[in-house]
Structure formats: C-alpha cells, structure tokens
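What follows is one structure encoded as structure tokens, with my remarks underneath.
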Amino acid sequence: MNFKSWLIASVCCCSSFLLNAETYFSGFGSLAGYQANGDTLSFKTDVASPYAGGDNDFELADLTNLGLQVNHILNPEWQLVGQVLLQKGRSNQLIDRVTIASLNYTPNANWMFRFGRFSARNVWFSDSRYVNYAQTSVYPVSGFYNQIQTAALDGAEITYTNRIDEWLISWNLYAGQSNHHFYNDSGNFENRLRPVIGAAIEIDHLGWRIRAAHTYSKLAEQSFERDISAFLSAFTSVPPLYGLPAWHEADDLQNETKYSDEPIEFTSVSFEYKKNSHLFRFEIGHLYTDSGLIINNTSGYLQYAYQINQYTPFISVSAIDSTRGYEPYSWPSPDVFNAVTDVIGFDSMQGLLGVMSVLQNRSEQQSLSLGLRYDLNHSVALKAQVEHFWIAQDGIGLWARDNLMQEPDRQIDVIAVSLDWIF
C-alpha cells in the first residue's frame, strides 16, 4: 500500500474505534451540460477532464456529479471529515474519488490543524470546486479555473485566525503531495507532484474579502516521458537504416520533453466584495516553471452579480496568456515517417503531432459570459449562461482539438445549463 492509500485509509478507519461521537451527513449534486459551436475545437471546464463538448455534442459528463460528505464530531476539538465525489470518468482509481478525508483538530477559536486529504486554499473555490451550487455561474470561470490543478492534497495544514475589531485575519500553511490529472490530444496523463508546499493569508473587513496565496511544487518523473524520449530517438536512429538522413530536430524535442526537477510555482490574489444585493469577484494568478512540458501563464477574471429576489443575473470577463511554446523549424519527410512507422508499429506522424501539441500547448484567449441564476429555494438552483471566446492563433491550450490537421477555430460560443442542489 502506498503512502497516499495508507494515509487516507488511516483517517477513514480510525473512526470505528471512537465512541460517543456525533455524525452528520450532507451532500451536493449537479445535472449540468454545455455545447460549443466550434468545428475543430471542443470545450471542457477542466484540463483534467477526458470529456469535451463540441459542435452538435451536448456534453453532460464533464460537470454532472454527486457528492456525499460525513462530519464525525468526536468532541469540541476533534472532528473527522470525509467526502466522496461520484463523477463519470474523473479517475479510474477508487481512492481518487475521495476528495476529503481529514482529521481536524481545533484546540481553540484561533487554531485549526488538518491531517489527511483536503484542498489547498490557494483560490476561492479550492474547497468547493465541484460543489456547483456554491458558485454563481454554471461552472467556475474557465479562463482562470480550467488550468488550475484539481487534485486534492495529501498532507497537513495549519490555520491561524484572529479577529481585531472589524478585521478578521487568517494565516494558512499547507504541505504534502498530490496527483495532477490532465488530458490533451496525446492522451490522459497523471502527474505526481512531490512535494507541494504553500501559504495563504486571508483578510475579511466590512464586506471585503482578500486572499493571497503561493504554492511551490515539483513534478515527479513519469513513465510517459521516457516513452516519448524512446519514440523521438527513432527519428534519428531508424532513417539511416533505410538509407535516409536522420531528422535531427528530434534531439531538440527530446531535450524539451525530458524530465526536469525545476519547481512549479503558482501565485494568486483574490478579491470579493459583497454589499446588499451586489457581488464583485476578482482573481488573478501566475504559473511559473522552467519545465518544458508546462508553459508559464497569467490568467484572471472579473465577475459581477446582482440578486433580485430569487433571480441573480451575472456577467464575467476573463483572460489568459501564456509564454510562447516550442516552435518547430523543420519537419520529417514522408519517407522518414514511413520508415519510423515500419519499425515502431504505429503511425509516427500522428505520434509526432501529439508530442508537438503538448509542447505548443499555449493558452491565449479572452471571454465574455452572461448568465442567470434562479434559486428555487434555499437548496436548489437553476442556472443558464452563454460565454463567447476569442482565441489567439496559437492559444488553444485549454481546448480539446478535434482535428490536428485543420486550422482551429478563433471564436466560439458555449451555452451551458445546470440544476444544482445541496442536501
């Protein structure tokens, strides 16, 4: 049993030895879908999702989910919290469906310690990413949240909160490890982040809420990186066997795709202001690393909502911009492709296009979203929205590309609806 499985199993099972505890059950769910009108690009709300909605394809699996939570209160200081997310295709590992499995210790009103599995508090919806009811829109603003890792953290967290007159200040430190799932044109991958270390500060004052956070992590070496290296080496070793010149750009591609232990750092600043029926929300984040497989970017959004009884119309604008990805300067000849295909046993051109799509996975786009939320009661909400995207020529990193050989779309509309509830 690996460390992750042992840690979660320990937290979940220890409750069987505890007596005189109070147990509370709750949950959330969503029936949601969307459709994009792109011809060559399909929309998805999360880079970790294998599902995407394109032209004539109303996608339900990406957002529809059911979550169950149990709070096991041992005494005023100790509490066990568990949460399971049931969502099609999110992971084929049962242990990954556990989004929270933590032992919480609160010795007084100022301090809280969490041990086990939880979400790092580096963005507004870190704890409620999959609780669609908690969000104003059908899905978190995609220009910002789409590229943020979604896997929970297995480790420990310390939070200190103090009230000074009308100011509420909270400090947060967390450390552990995490698995980062993502999907692109080359397939479905899992990156292991070892370690993950971060800190956050949050300030509440008279309707204002401000949070700043910084997370440091490193990628563990993956088997697919070695597979890519072996595939690319065939373009230099195989052609001479057929009397053809080697394709030497493969050496540069190997350097770009080889494992790097360079740190990955994410810094975010979030603002929220609530007064009467008005809600303003703003977030901005910067992802930085020297790893060739991950491209630096800056993203952010601004959202405004106004509640009129049970109705809440809202508007959002978002943008993301990345540094430029790898720029190829040559291309293998058809004879070289044929020779490599004969040796490796699969289509070498499609394989190379897949590698290129990873290295050129730059994200540059802007969006404007209009929507309406209708609260049927205090636990059920209907939502509908339309979002228009402007996509740069080489900025399709957040989209699923349906055809690598066709020029991708530049403007796309996404229509989304949902029925969200809590219980």
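Residue numbering restarts at 1 for every chain of the structure tokens, chains are lettered A, B, ... in their displayed order, and ligands are numbered from 1 as they appear.
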Polymer residues at most 6 Å from range 245-262 of chain A, only C-alpha atoms, same-chain spacing of 4 or more positions, as a PyMOL selection string: chain A and resi 221+229+232+235-236+239-240+290-292
Residue subset to file, keeping C-alpha atoms, as a CSV table (one decimal), in the first residue's frame:
```
chain,number,residue,atom,x,y,z
A,221,GLU,CA,9.4,11.7,-13.1
A,229,SER,CA,12.1,10.0,-25.5
A,232,LEU,CA,11.7,10.6,-30.7
A,235,PHE,CA,13.7,9.6,-35.9
A,236,THR,CA,17.5,9.8,-35.6
A,239,PRO,CA,16.2,6.6,-41.1
A,240,PRO,CA,19.9,5.7,-41.6
A,290,ASP,CA,11.2,26.2,-16.3
A,291,SER,CA,9.9,22.8,-17.2
A,292,GLY,CA,9.4,22.3,-21.0
```
Output as number ranges by chain all residues of range 197-371 of chain A that backbone DSSP marks as strand (DSSP E). A: 197-205, 208-219, 264-275, 278-289, 297-306, 311-322, 363-371
May I ask which of the residues A:His205, A:Arg362, A:Lys275, A:Arg211 is the closest one to Tyr326 in chain A, counting only C-alpha atoms? A:Arg362
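Remark: for Leu63 in chain A, the closest of the candidate residues A:Leu193, A:Ile100, A:Ile169, A:Val138 is A:Val138 (distances computed over only C-alpha atoms).
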Per DSSP on the backbone, filter range 258-352 of chain A down to the residues in alpha helix (DSSP H) and report them as number ranges by chain. A: 334-344, 348-352
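Shortest atom-to-atom contact with Gly53 in chain A among A:Ser316, A:Leu41, A:Phe113, A:Ser333: A:Leu41, counting only C-alpha atoms.
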Atomic distance CA of Ile264 in chain A - CA of Ile295 in chain A, expressed in Å with one decimal: 10.2 Å
Counting only C-alpha atoms, which residues of range 57-164 of chain A sit at most 8 Å from some atom of range 298-313 of chain A, and what is each one's closest atom pair with its distance in Å to one decimal, listed by chain and rising residue number, as a tab-separated table?
```
residue	atom	partner	partner_atom	distance
A:Thr136	CA	A:Ala305	CA	7.8
A:Val141	CA	A:Tyr301	CA	7.2
A:Gly143	CA	A:Ser299	CA	6.7
A:Phe144	CA	A:Gly300	CA	5.4
```
Tell me which protein, DNA and RNA residues are within 9 Å of Tyr160 in chain A, counting only C-alpha atoms, leaving out same-chain ones fewer than 2 positions away, and put them as an mmCIF file with N, CA and C atoms, in the first residue's frame.
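Now in selection15.cif:
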```cif
data_model
loop_
_atom_site.group_PDB
_atom_site.id
_atom_site.type_symbol
_atom_site.label_atom_id
_atom_site.label_comp_id
_atom_site.auth_asym_id
_atom_site.auth_seq_id
_atom_site.Cartn_x
_atom_site.Cartn_y
_atom_site.Cartn_z
ATOM 1 N N ALA A 109 -10.509 28.840 19.374
ATOM 2 C CA ALA A 109 -11.116 29.583 18.271
ATOM 3 C C ALA A 109 -10.103 30.112 17.277
ATOM 4 N N ASN A 110 -8.828 30.084 17.611
ATOM 5 C CA ASN A 110 -7.792 30.652 16.739
ATOM 6 C C ASN A 110 -7.096 29.617 15.858
ATOM 7 N N TRP A 111 -6.877 28.427 16.365
ATOM 8 C CA TRP A 111 -6.051 27.452 15.662
ATOM 9 C C TRP A 111 -6.886 26.291 15.111
ATOM 10 N N MET A 112 -6.483 25.811 13.906
ATOM 11 C CA MET A 112 -7.043 24.580 13.363
ATOM 12 C C MET A 112 -5.939 23.825 12.637
ATOM 13 N N PHE A 113 -5.898 22.514 12.870
ATOM 14 C CA PHE A 113 -4.921 21.638 12.218
ATOM 15 C C PHE A 113 -5.698 20.576 11.433
ATOM 16 N N ILE A 158 -2.055 23.948 8.651
ATOM 17 C CA ILE A 158 -2.204 24.724 9.883
ATOM 18 C C ILE A 158 -2.854 26.054 9.534
ATOM 19 N N ASN A 162 -7.557 35.220 13.613
ATOM 20 C CA ASN A 162 -7.655 36.172 14.714
ATOM 21 C C ASN A 162 -8.530 37.350 14.306
ATOM 22 N N ILE A 169 -8.478 38.119 10.285
ATOM 23 C CA ILE A 169 -7.259 37.781 9.551
ATOM 24 C C ILE A 169 -6.951 36.299 9.773
ATOM 25 N N SER A 170 -6.647 35.613 8.677
ATOM 26 C CA SER A 170 -6.385 34.183 8.745
ATOM 27 C C SER A 170 -5.109 33.861 7.982
ATOM 28 N N TRP A 171 -4.203 33.107 8.646
ATOM 29 C CA TRP A 171 -2.971 32.613 8.020
ATOM 30 C C TRP A 171 -3.091 31.118 7.815
ATOM 31 N N ASN A 172 -2.534 30.629 6.710
ATOM 32 C CA ASN A 172 -2.688 29.222 6.369
ATOM 33 C C ASN A 172 -1.395 28.675 5.768
#
```
Residues at most 9 Å from Val70 in chain A, counting only C-alpha atoms, excluding those fewer than 4 positions away in the same chain, as number ranges by chain? A: 23-27, 80-83
Preceding selection exported with C-alpha atoms as a PDB file, in the first residue's frame:
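The new file out36.pdb reads:
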```pdb
ATOM      1  CA  THR A  23     -22.261  12.142  12.948  1.00  0.00           C
ATOM      2  CA  TYR A  24     -23.811  14.452  10.341  1.00  0.00           C
ATOM      3  CA  PHE A  25     -24.409  13.643   6.685  1.00  0.00           C
ATOM      4  CA  SER A  26     -24.741  16.126   3.823  1.00  0.00           C
ATOM      5  CA  GLY A  27     -24.201  16.240   0.117  1.00  0.00           C
ATOM      6  CA  LEU A  80     -13.329  13.574  11.128  1.00  0.00           C
ATOM      7  CA  VAL A  81     -14.445  14.805   7.705  1.00  0.00           C
ATOM      8  CA  GLY A  82     -14.916  12.632   4.646  1.00  0.00           C
ATOM      9  CA  GLN A  83     -16.185  13.491   1.178  1.00  0.00           C
TER      10      GLN A  83
END
```
Which residues are close to Lys88 in chain A, i.e. within 9 Å by only C-alpha atoms, leaving aside same-chain residues fewer than 6 positions away? Reply as a PDB file with N, CA and C atoms, in the first residue's frame.
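Generated file (out_28.pdb):
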```
ATOM      1  N   ALA A  61     -21.212  14.710 -19.117  1.00  0.00           N
ATOM      2  CA  ALA A  61     -20.347  14.010 -18.169  1.00  0.00           C
ATOM      3  C   ALA A  61     -19.330  14.912 -17.483  1.00  0.00           C
ATOM      4  N   ASP A  62     -18.962  16.019 -18.101  1.00  0.00           N
ATOM      5  CA  ASP A  62     -17.899  16.862 -17.559  1.00  0.00           C
ATOM      6  C   ASP A  62     -18.293  17.503 -16.234  1.00  0.00           C
ATOM      7  N   THR A  64     -21.711  16.976 -14.523  1.00  0.00           N
ATOM      8  CA  THR A  64     -22.697  16.255 -13.719  1.00  0.00           C
ATOM      9  C   THR A  64     -22.000  15.423 -12.646  1.00  0.00           C
ATOM     10  N   ASN A  65     -22.427  15.579 -11.401  1.00  0.00           N
ATOM     11  CA  ASN A  65     -21.775  14.846 -10.321  1.00  0.00           C
ATOM     12  C   ASN A  65     -22.708  14.692  -9.131  1.00  0.00           C
TER      13      ASN A  65
END
```
